[in-house]
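Heads up, the thing below is written out as structure tokens.
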Amino acid sequence: MFPKVDEHAPDLDLLDEAGRPVKLSSLVGRGPLVVLSFPNPDDTAGVKLVRGFRDRTLALRKAGVSICGIAQAEPAALAYMRAERGLGFPLFADPDGWLDETGLLLVDRNLTVKQRAVGERADADSMLKFIRRGGARPSRVRDRIGHLLLALSHAITPRRLAR
């Protein structure tokens, strides 16, 4: 079940390729995270989705975005898929099967969904355009308020006098 835009994605309990538990929230770095979802490593739509993002991994990283894949498969099968397909991003097993469709989610640091695409509409080039337009960044008003508060804190903070 894919959450809609502006909803919070659940903090899924996943397994990495070695079978160790990982929370979805721990995968979100400083910038947004693209979560690719596919039912299993043999799903043709899922393979097409992963291949498209494999070819755009560098461009997405330059834009400050992390990528991961989530599938309902054994961790060993995902490790094999990652090596076989030459993927530059990790794959995780979803033992609960929460993300049961082929598609993608773009989530921010708070796991708020900024963009989603299901099935054939999940395209790396479209996602890259959305990100470059600023679709995954906080609003400019919030940025300006943050800069203003930072400047005020510097102005108010007492300075030590040199002796």
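Labeling convention for the structure tokens: chains A, B, ... as they appear, residues from 1 per chain, ligands from 1 in order of appearance.
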
Which residues of range 11-68 of chain A have any atom within 8 Å of an atom in range 90-104 of chain A when counting only C-alpha atoms, and what is the closest pair of atoms for each, with the distance in Å to one decimal? Order the rows by chain and rising number and write it as JSON lines.
{"residue": "A:Leu12", "atom": "CA", "partner": "A:Asp94", "partner_atom": "CA", "distance": 7.8}
{"residue": "A:Asp13", "atom": "CA", "partner": "A:Asp94", "partner_atom": "CA", "distance": 7.2}
{"residue": "A:Leu14", "atom": "CA", "partner": "A:Asp94", "partner_atom": "CA", "distance": 5.1}
{"residue": "A:Leu15", "atom": "CA", "partner": "A:Ala93", "partner_atom": "CA", "distance": 5.0}
{"residue": "A:Asp16", "atom": "CA", "partner": "A:Phe92", "partner_atom": "CA", "distance": 4.8}
{"residue": "A:Glu17", "atom": "CA", "partner": "A:Phe92", "partner_atom": "CA", "distance": 6.2}
{"residue": "A:Val34", "atom": "CA", "partner": "A:Leu104", "partner_atom": "CA", "distance": 6.8}
{"residue": "A:Val35", "atom": "CA", "partner": "A:Leu104", "partner_atom": "CA", "distance": 5.4}
{"residue": "A:Leu36", "atom": "CA", "partner": "A:Leu104", "partner_atom": "CA", "distance": 4.5}
{"residue": "A:Ser37", "atom": "CA", "partner": "A:Thr102", "partner_atom": "CA", "distance": 5.2}
{"residue": "A:Phe38", "atom": "CA", "partner": "A:Thr102", "partner_atom": "CA", "distance": 4.2}
{"residue": "A:Pro39", "atom": "CA", "partner": "A:Asp100", "partner_atom": "CA", "distance": 6.0}
{"residue": "A:Ala45", "atom": "CA", "partner": "A:Thr102", "partner_atom": "CA", "distance": 6.8}
{"residue": "A:Gly46", "atom": "CA", "partner": "A:Thr102", "partner_atom": "CA", "distance": 5.9}
{"residue": "A:Leu49", "atom": "CA", "partner": "A:Gly103", "partner_atom": "CA", "distance": 7.7}
{"residue": "A:Ile67", "atom": "CA", "partner": "A:Pro90", "partner_atom": "CA", "distance": 7.5}
{"residue": "A:Cys68", "atom": "CA", "partner": "A:Pro90", "partner_atom": "CA", "distance": 5.2}

Give me a file of those residues, with N, CA and C atoms, as a short mmCIF file (atom, residue, chain, number, x, y, z; two decimals), in the first residue's frame.
data_model
loop_
_atom_site.label_atom_id
_atom_site.label_comp_id
_atom_site.auth_asym_id
_atom_site.auth_seq_id
_atom_site.Cartn_x
_atom_site.Cartn_y
_atom_site.Cartn_z
N LEU A 12 9.40 1.35 8.11
CA LEU A 12 9.39 -0.09 7.87
C LEU A 12 10.56 -0.81 8.54
N ASP A 13 10.29 -2.03 8.97
CA ASP A 13 11.34 -2.93 9.46
C ASP A 13 11.79 -3.76 8.26
N LEU A 14 13.03 -3.52 7.83
CA LEU A 14 13.57 -4.17 6.64
C LEU A 14 14.75 -5.06 7.03
N LEU A 15 15.22 -5.83 6.07
CA LEU A 15 16.43 -6.64 6.22
C LEU A 15 17.40 -6.25 5.13
N ASP A 16 18.67 -6.02 5.49
CA ASP A 16 19.65 -5.71 4.46
C ASP A 16 20.06 -7.00 3.74
N GLU A 17 20.98 -6.89 2.82
CA GLU A 17 21.36 -8.04 1.99
C GLU A 17 22.02 -9.16 2.79
N VAL A 34 14.91 8.14 -2.48
CA VAL A 34 14.02 7.50 -3.45
C VAL A 34 13.95 6.03 -3.06
N VAL A 35 12.74 5.56 -2.79
CA VAL A 35 12.49 4.17 -2.44
C VAL A 35 11.86 3.49 -3.64
N LEU A 36 12.59 2.54 -4.23
CA LEU A 36 12.06 1.76 -5.35
C LEU A 36 11.44 0.50 -4.78
N SER A 37 10.22 0.23 -5.16
CA SER A 37 9.52 -0.94 -4.64
C SER A 37 9.16 -1.87 -5.79
N PHE A 38 9.41 -3.17 -5.59
CA PHE A 38 9.02 -4.16 -6.59
C PHE A 38 8.76 -5.47 -5.87
N PRO A 39 7.85 -6.30 -6.41
CA PRO A 39 7.46 -7.51 -5.69
C PRO A 39 8.59 -8.52 -5.50
N ALA A 45 8.52 -5.51 -14.58
CA ALA A 45 8.36 -4.07 -14.36
C ALA A 45 9.35 -3.59 -13.29
N GLY A 46 9.59 -4.41 -12.27
CA GLY A 46 10.54 -4.06 -11.23
C GLY A 46 11.96 -4.00 -11.76
N LEU A 49 12.34 -0.84 -13.71
CA LEU A 49 12.44 0.29 -12.79
C LEU A 49 13.84 0.40 -12.21
N ILE A 67 19.24 6.52 -2.87
CA ILE A 67 18.34 5.56 -3.50
C ILE A 67 18.44 4.23 -2.76
N CYS A 68 17.33 3.54 -2.65
CA CYS A 68 17.33 2.16 -2.17
C CYS A 68 16.18 1.42 -2.83
#

*Would you give me, as a PyMOL selection string, the residues in chain A that DSSP reads as helix (DSSP H, G or I)?*
chain A and resi 24-27+44-54+57-62+75-85+119-121+124-132+140-156

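Nearest to Glu7 in chain A of all the residues A:Asp55, A:Leu128, A:Val107, A:Val65 is A:Val107, based on only C-alpha atoms.
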
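Take CA of Asp42 in chain A and CA of Phe89 in chain A: the distance between them is 18.1 Å.
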
*When distances are computed from only C-alpha atoms, which of A:Lys23, A:Lys48, A:Arg61, A:Arg56 shows the smallest separation from Ala9 in chain A?*
A:Lys23

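As for CA of Arg121 in chain A and CA of Val5 in chain A, they are spaced 15.1 Å apart.
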
*Identify all residues of chain A in strand (DSSP E or B) (DSSP on the backbone) and supply them as a VMD selection string.*
chain A and resid 8 13 to 15 21 to 23 33 to 38 66 to 71 91 to 93 103 to 107 112 to 118

*All residues 12 Å or closer to Ala79 in chain A, only C-alpha atoms, same chain fewer than 2 positions away omitted, as a PyMOL selection string*: chain A and resi 15-19+41+69-71+73-77+81-93
